[in-house]
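Report on the following structure.
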Amino acid sequence: MRIRILSDDEIEALYGRPHFTHEERAEYFALSVSEQAALAQFRLSNAKMLFVLQLGYFKARKMFFVFESREVEEDICFLREHYFPDTFDCALNISKVTRLKQQRTILHLSNYRSWNAKEQEKLAARARQVAMVCSKPGYVLRELMHYLTEQRVVAPGYSAMQDTVGGALAYEQRRLAGIAYAHIDPSAKEALKRLLEDTQGLHEITLLKRDPRDFSNHEIRGEVQREEQTRELYAMSQKLLPHLNISNENIRYYASLVDYYSVYKLRRMQESVVVVYLLCFIQHRYQKLHDNLIQSLLHHVRRYSDEAKAAAKELVYNVQAATNTDLPKAGQVLKLFTDSSVAGSASFEEVRRKAFALLDAKRLDSVAEYLRTTARFDETAFQWKHLDKAAQRFKLPLRPILQGVEFAATTEKDPLIEAICFVKEASRSGKALGTYKEEAIPARWIPDKMKRYLYEKDEHNRKQLLPDRYEFLLYRHLRQGIEAGDIFCPNSVRFRSIKDDLLNDQRWVDKDKLIAETGLDILQQPIETHLAELKDQLETRIVEVNRRIATGENEHFNIKGKARWTLDYPSESEGTNHPFFDQLPTTDINSVLHFTHRQCQCMDAFTHVLGRYAKQSPDIPALIACVVAWGTNMGIGRMGQISDIGSHTLASMSDNFLRPETLREANDRVSNATAQLPIFRHYDIGEVVHSSSDGQKFESSVRTFNARHSPKYFGLKKGIVPYTTVANNVPINAYNIGADEHESHFVFDILFNNSTDILPEIHSTDTHGTNEVNFALLYIFGYQFAPRYKDLYDKVRTSLTGFNQPSSYGDVTLKPVRKIREAEIIREWDECRRIFVSLALKETTQSTIVRKLSSHARNNRIKRALWEYDSIHRSLYLLTYIDSLSVRKNVQKAVNRGENYHQLRRAVSFASFGKLRFKTEYEQDLWSECSRLIANSVIFYNASILSRFLEHQERNGDMQGADATKKVSPIAWQNTNLHGRYEFQKQPDLLNVDAIIQGLLQRPANRVAAHQA
């Protein structure tokens, strides 16, 4: 049985003969001089007709097709009108010899090669390489299609590609099984197999899968116990996994299969394969476990530090208020020394009595201290006093974490690591820090300015260390070291050394081969040559853009006072809920999802958790009910109460069929189906697919481990952020990120891991999506980064760079602020290439790399080189953005589309006032993908109506109306009922787009409204 990779619609989209619009016919059937010469060699008119048809179809798909005249009547009519006006016979029944000759001619004109056995061998070898990077069938197929395009080879049929992908995956599985059999001893296999055994009513593997729900002491202790349970297995995985020679992405993928398959299914698989899966799971879970523990440590240290600061500020305020009240009385006390009514012979005790009658001794002392310290309070001292009271509370969560995590430092014999080990050992032995002699406690790491707070004098006036303060300061410095990258955890992913995220030295020896495999041609070019080309581009642009400003050709550039300038920002807002959709009949979300499924079989993506051998097939109405329950934020239980399907049935269907992987596949099918609609390419911006990404804040109504504070959006509450990429109004990919994470860290990841057929060329974000490396990263991987800056003037004033000294540019409006340091880029270019190749081979992710580079010290040479290289591309973009009104308009339009999608997403997730009710990260992923699937289906339904309406207008020559329809956004929901009682078992409305269009056209008023859209 061949492996199933694509749905029928996706196969048709990839391999089917193209169906051109009028504009596409003009583009693909246009003939160059060499093509006209090739056409002249064919004598018969039907042979000429077939040649132009084959040539146009090949330009569009890089494939050849067999078709009858009746199938391509519209294309033949177009060609007859433009090229063959005297041709009346449209029969294409020419000989096979002539047809093949034409194909050879087309291959020669296009510089392509035909498919043969030799190319099959190369493709199979490439497939095996790709399978070692990522064994997801869809990823392998996309990489192979990309490889064929680069090699300029005609792709074989789908069945041949299925066999190639399936063969590569089978080969990879045999390879892994063979290595596992050779390197894993029987005792290790038995230890792994015990994870699948049933103990106390639960399998060991099920217990390990559990993630902490929050940062509570109980949940963290559970993680520490799981760390102790898997420590030996992890050590074993560290020894064995390097023999497999697979990427970190594949390790994560095989680990996810342990979650994907039931224990029953795992037990039925080949033993060596299951051992590989379990090894990957143990490594992934152990590292994620350490991420959770360290994240918890950072949370608690930050929490207690913030509490201490808040308490100190309040205490300072209260003391200051009381002191201000006492100051007049203190003044009266001072007056006693100049009061003539007090006799000079009066004893000091008598004066004291009078003073204390005005202000008691304690309050008088407080005022005196206030005046002695120049009317300032030591707020830090107040913080430490608060922490003294909180000692038992902060030790309870932090000590177990310290014992469960191994930390290391970038420098040898780091004094902080020495102190951490000491406290860890003391905690493990149960011995209080206060019982140790002071000289035995490591103190080299304590900053001099903090020592005054960590010591106090005893009754003999000797300095004595305060152990609780010592311990908390240690935790605080540990947090600072982790966030700065000076302290790391080798067993973590997020918090390990940046070197561990990249290809190691042994693999980097074959850098030329690895770079060739990635297809990143820029990295094969000498950096000196590459910089010379960039220098020519940038210096030319600086001169040209300043010239156009000086001559007034850039009429949208406005100079204000003191050389400050502004730009005009014309907008062409598409908006949401266009009036066009007010004219359509309202339908329920159930019918819309059924319509989408009939068109692109999106529900077929939901396979049973037991795999293809499971007898149960999904009940489509119940499956749709589950998607609506999750996506609307209603939940399975509530949906069972208000719909015609019970909670038990819904829970069973959800558990067996809904997983993030199947939901992403369903979303991809809907996105790909939308991309095949005639209206889709009319949503291009500047004749290309121009995407944007942005985060949307959702508050969480329950405590969750990955929810974070964002005071601007949640106040004192917490929430998460679905980060989504929207291309031509379609949400093609989405991640859930923390509210405290920087969106710019995920821009490359969300583009690079897009698995749809919609491939953006330009990508925009708002200011939150910008950092010091995104221009460089996206450029290397073939994208143009085009952000929208909040304050462009200040950005240009501080960030525009050039290859020459600023003084050499003379008196121009846009002058570089500094010279680019080419030497730094050249010196560290090899390490920069290592980062790029590691990303391409999925050894790491952008969010991991950028987070660590951003936190490292300013003198980090690799970071400085990347920032310098990035500044070149950023400067080129800033100049283009200033010089081109259309670029600014296109960027604004792309960003607006993302914001429009967010409005639809918010309307979909309406239940519980939009506050998420899901507790675990897994449940939040289900909600995110289900709500995206609902929004995606609404967009597909609306785009289908617009496409059919557009086709009608073009057939009837209504070009004015067609132009108006092309501008209507499919992001609308006033014609879809998302609320009410849900009746999924009832026959849904069979939405007939043709009937909807006919009903729309029968009313003249509606036709006018549509033309004015």
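Please note that chains go A, B, ... in the order of the structure tokens, that every chain numbers its residues from 1, and that ligands are numbered from 1 in the order shown.
Residues in contact range of range 953-957 of chain A, defined as at most 12 Å between only C-alpha atoms, with sequence neighbours fewer than 5 positions away removed, read Thr21, His22, Glu23, Glu74, Pro678, Ile679, Leu946, Ser947, Arg948, Ala962, Asp963, Ala964, Thr965, Lys966, Ile997, Leu1001, Arg1007, Ala1010 and His1011 of chain A.
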Could you save the residues just selected, with C-alpha atoms, as a short mmCIF file (atom, residue, chain, number, x, y, z; two decimals), in the first residue's frame?
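So again25.cif came out as:
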data_model
loop_
_atom_site.label_atom_id
_atom_site.label_comp_id
_atom_site.auth_asym_id
_atom_site.auth_seq_id
_atom_site.Cartn_x
_atom_site.Cartn_y
_atom_site.Cartn_z
CA THR A 21 -8.09 33.21 -15.76
CA HIS A 22 -8.11 35.79 -18.54
CA GLU A 23 -5.08 37.58 -17.08
CA GLU A 74 -11.65 28.53 -23.45
CA PRO A 678 -9.87 32.11 -8.92
CA ILE A 679 -10.19 35.02 -6.50
CA LEU A 946 -16.64 35.67 -4.46
CA SER A 947 -14.81 33.45 -6.96
CA ARG A 948 -18.01 32.22 -8.57
CA ALA A 962 -15.16 42.31 -11.59
CA ASP A 963 -12.62 44.91 -10.48
CA ALA A 964 -14.85 45.81 -7.52
CA THR A 965 -15.32 42.15 -6.53
CA LYS A 966 -11.57 41.57 -6.50
CA ILE A 997 -25.05 33.62 -6.93
CA LEU A 1001 -28.23 38.30 -9.39
CA ARG A 1007 -26.14 43.69 -8.52
CA ALA A 1010 -22.02 44.22 -5.67
CA HIS A 1011 -20.58 46.54 -8.30
#
Selection near range 163-170 of chain A, 7 Å with only C-alpha atoms, sequence-local residues under 3 positions removed, as a PyMOL selection string: chain A and resi 2-3+124+127-128+131+135+137+140-141+159-160+173-174
Extract, using only C-alpha atoms, all DNA, RNA and protein residues at most 7 Å from Ala894 in chain A, discarding same-chain residues fewer than 3 positions from it, and format them as an mmCIF file with N, CA and C atoms, in the first residue's frame.
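Result file follows (around33.cif):
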data_model
loop_
_atom_site.group_PDB
_atom_site.id
_atom_site.type_symbol
_atom_site.label_atom_id
_atom_site.label_comp_id
_atom_site.auth_asym_id
_atom_site.auth_seq_id
_atom_site.Cartn_x
_atom_site.Cartn_y
_atom_site.Cartn_z
ATOM 1 N N HIS A 690 2.116 38.389 -0.382
ATOM 2 C CA HIS A 690 2.723 39.237 0.647
ATOM 3 C C HIS A 690 2.026 38.907 1.967
ATOM 4 N N SER A 691 2.741 38.254 2.867
ATOM 5 C CA SER A 691 2.143 37.796 4.128
ATOM 6 C C SER A 691 2.486 38.747 5.263
ATOM 7 N N SER A 692 1.834 38.525 6.395
ATOM 8 C CA SER A 692 2.162 39.259 7.618
ATOM 9 C C SER A 692 1.936 38.334 8.800
ATOM 10 N N SER A 764 5.606 40.892 6.265
ATOM 11 C CA SER A 764 5.569 42.113 7.074
ATOM 12 C C SER A 764 5.154 41.803 8.503
ATOM 13 N N ASN A 890 1.656 48.773 0.376
ATOM 14 C CA ASN A 890 1.573 47.312 0.386
ATOM 15 C C ASN A 890 1.814 46.751 1.788
ATOM 16 N N VAL A 891 2.794 47.310 2.495
ATOM 17 C CA VAL A 891 3.082 46.844 3.857
ATOM 18 C C VAL A 891 1.874 47.081 4.762
ATOM 19 N N ARG A 897 -4.455 43.079 6.991
ATOM 20 C CA ARG A 897 -5.118 41.787 6.787
ATOM 21 C C ARG A 897 -4.945 40.888 8.006
ATOM 22 N N GLY A 898 -3.765 40.927 8.610
ATOM 23 C CA GLY A 898 -3.567 40.149 9.828
ATOM 24 C C GLY A 898 -4.481 40.628 10.943
#
Test item: residues at most 10 Å from Gly782 in chain A, only C-alpha atoms, excluding those fewer than 2 positions along its chain, as a list in words: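 Within the cut-off, the hits are Leu520, Asp521, Ile522, Pro760, Glu761, Ile762, Leu777, Leu778, Tyr779, Ile780, Gln784 and Phe785 of chain A.
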Long-range neighbours of Arg104 in chain A as a PyMOL selection string, 9 Å cut-off, only C-alpha atoms, 5 positions minimum in chain: chain A and resi 99+109+113-114
Just the selected residues (N, CA, C and O atoms), exported as a PDB file, in the first residue's frame, please.
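What follows is the written file result-v5.pdb:
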ATOM      1  N   ARG A  99       3.912  15.109 -30.721  1.00  0.00           N
ATOM      2  CA  ARG A  99       3.687  15.565 -29.354  1.00  0.00           C
ATOM      3  C   ARG A  99       4.990  15.496 -28.538  1.00  0.00           C
ATOM      4  O   ARG A  99       5.346  16.424 -27.822  1.00  0.00           O
ATOM      5  N   LEU A 109      13.757  24.962 -24.609  1.00  0.00           N
ATOM      6  CA  LEU A 109      13.487  26.388 -24.432  1.00  0.00           C
ATOM      7  C   LEU A 109      13.514  26.786 -22.965  1.00  0.00           C
ATOM      8  O   LEU A 109      13.945  27.884 -22.611  1.00  0.00           O
ATOM      9  N   ARG A 113      15.167  19.323 -17.898  1.00  0.00           N
ATOM     10  CA  ARG A 113      15.482  17.952 -18.297  1.00  0.00           C
ATOM     11  C   ARG A 113      14.284  17.053 -18.031  1.00  0.00           C
ATOM     12  O   ARG A 113      13.521  17.264 -17.071  1.00  0.00           O
ATOM     13  N   SER A 114      14.136  16.043 -18.855  1.00  0.00           N
ATOM     14  CA  SER A 114      13.033  15.101 -18.667  1.00  0.00           C
ATOM     15  C   SER A 114      13.390  14.097 -17.573  1.00  0.00           C
ATOM     16  O   SER A 114      14.553  13.924 -17.212  1.00  0.00           O
TER      17      SER A 114
END
Counting only C-alpha atoms, the option among A:Thr410, A:Ser693, A:Thr880, A:Gln524 closest to Asn900 in chain A: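 Result for the nearest residue to Asn900 in chain A: A:Ser693.
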Close residues, range 800-817 of chain A itself excluded, 6 Å, only C-alpha atoms, min 3 positions apart in chain, as a PyMOL selection string: chain A and resi 796+820+875
Write a file of the selected residues as a short mmCIF file (atom, residue, chain, number, x, y, z; two decimals), in the first residue's frame, keeping N, CA, C and O atoms.
data_model
loop_
_atom_site.label_atom_id
_atom_site.label_comp_id
_atom_site.auth_asym_id
_atom_site.auth_seq_id
_atom_site.Cartn_x
_atom_site.Cartn_y
_atom_site.Cartn_z
N VAL A 796 15.27 55.54 11.38
CA VAL A 796 16.27 55.92 10.37
C VAL A 796 17.39 56.72 11.01
O VAL A 796 18.58 56.52 10.70
N ILE A 820 29.49 50.65 8.33
CA ILE A 820 29.34 49.21 8.56
C ILE A 820 30.71 48.59 8.80
O ILE A 820 31.68 48.87 8.08
N SER A 875 19.01 48.71 6.20
CA SER A 875 19.22 50.02 5.59
C SER A 875 18.69 50.07 4.17
O SER A 875 18.06 51.06 3.76
#
Who sits within 12 Å of Ser256 in chain A, only C-alpha atoms, same chain under 4 positions skipped, as a ChimeraX atom specification: /A:135-136,209,249-252,260-262,277-285,659-661,922
Every residue of range 845-1005 of chain A that DSSP places in strand (DSSP E or B), as a list of chain:residue names: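 DSSP-assigned strand (DSSP E or B) residues in range 845-1005 of chain A: A:Leu916, A:Thr976, A:Asn977, A:Tyr982.
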Residue set, range 50-221 of chain A restricted to helix (DSSP H, G or I), as a VMD selection string: chain A and resid 50 to 61 69 to 82 96 to 110 117 to 133 137 to 151 158 to 183 186 to 196 204 to 209 217 to 221
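Pairwise distance (CA of Asp86 in chain A, CA of Ala47 in chain A) equals 14.2 Å.
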Atom-to-atom span, CA of Arg226 in chain A and CA of Gly404 in chain A, Å: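 These two atoms are separated by 9.8 Å.
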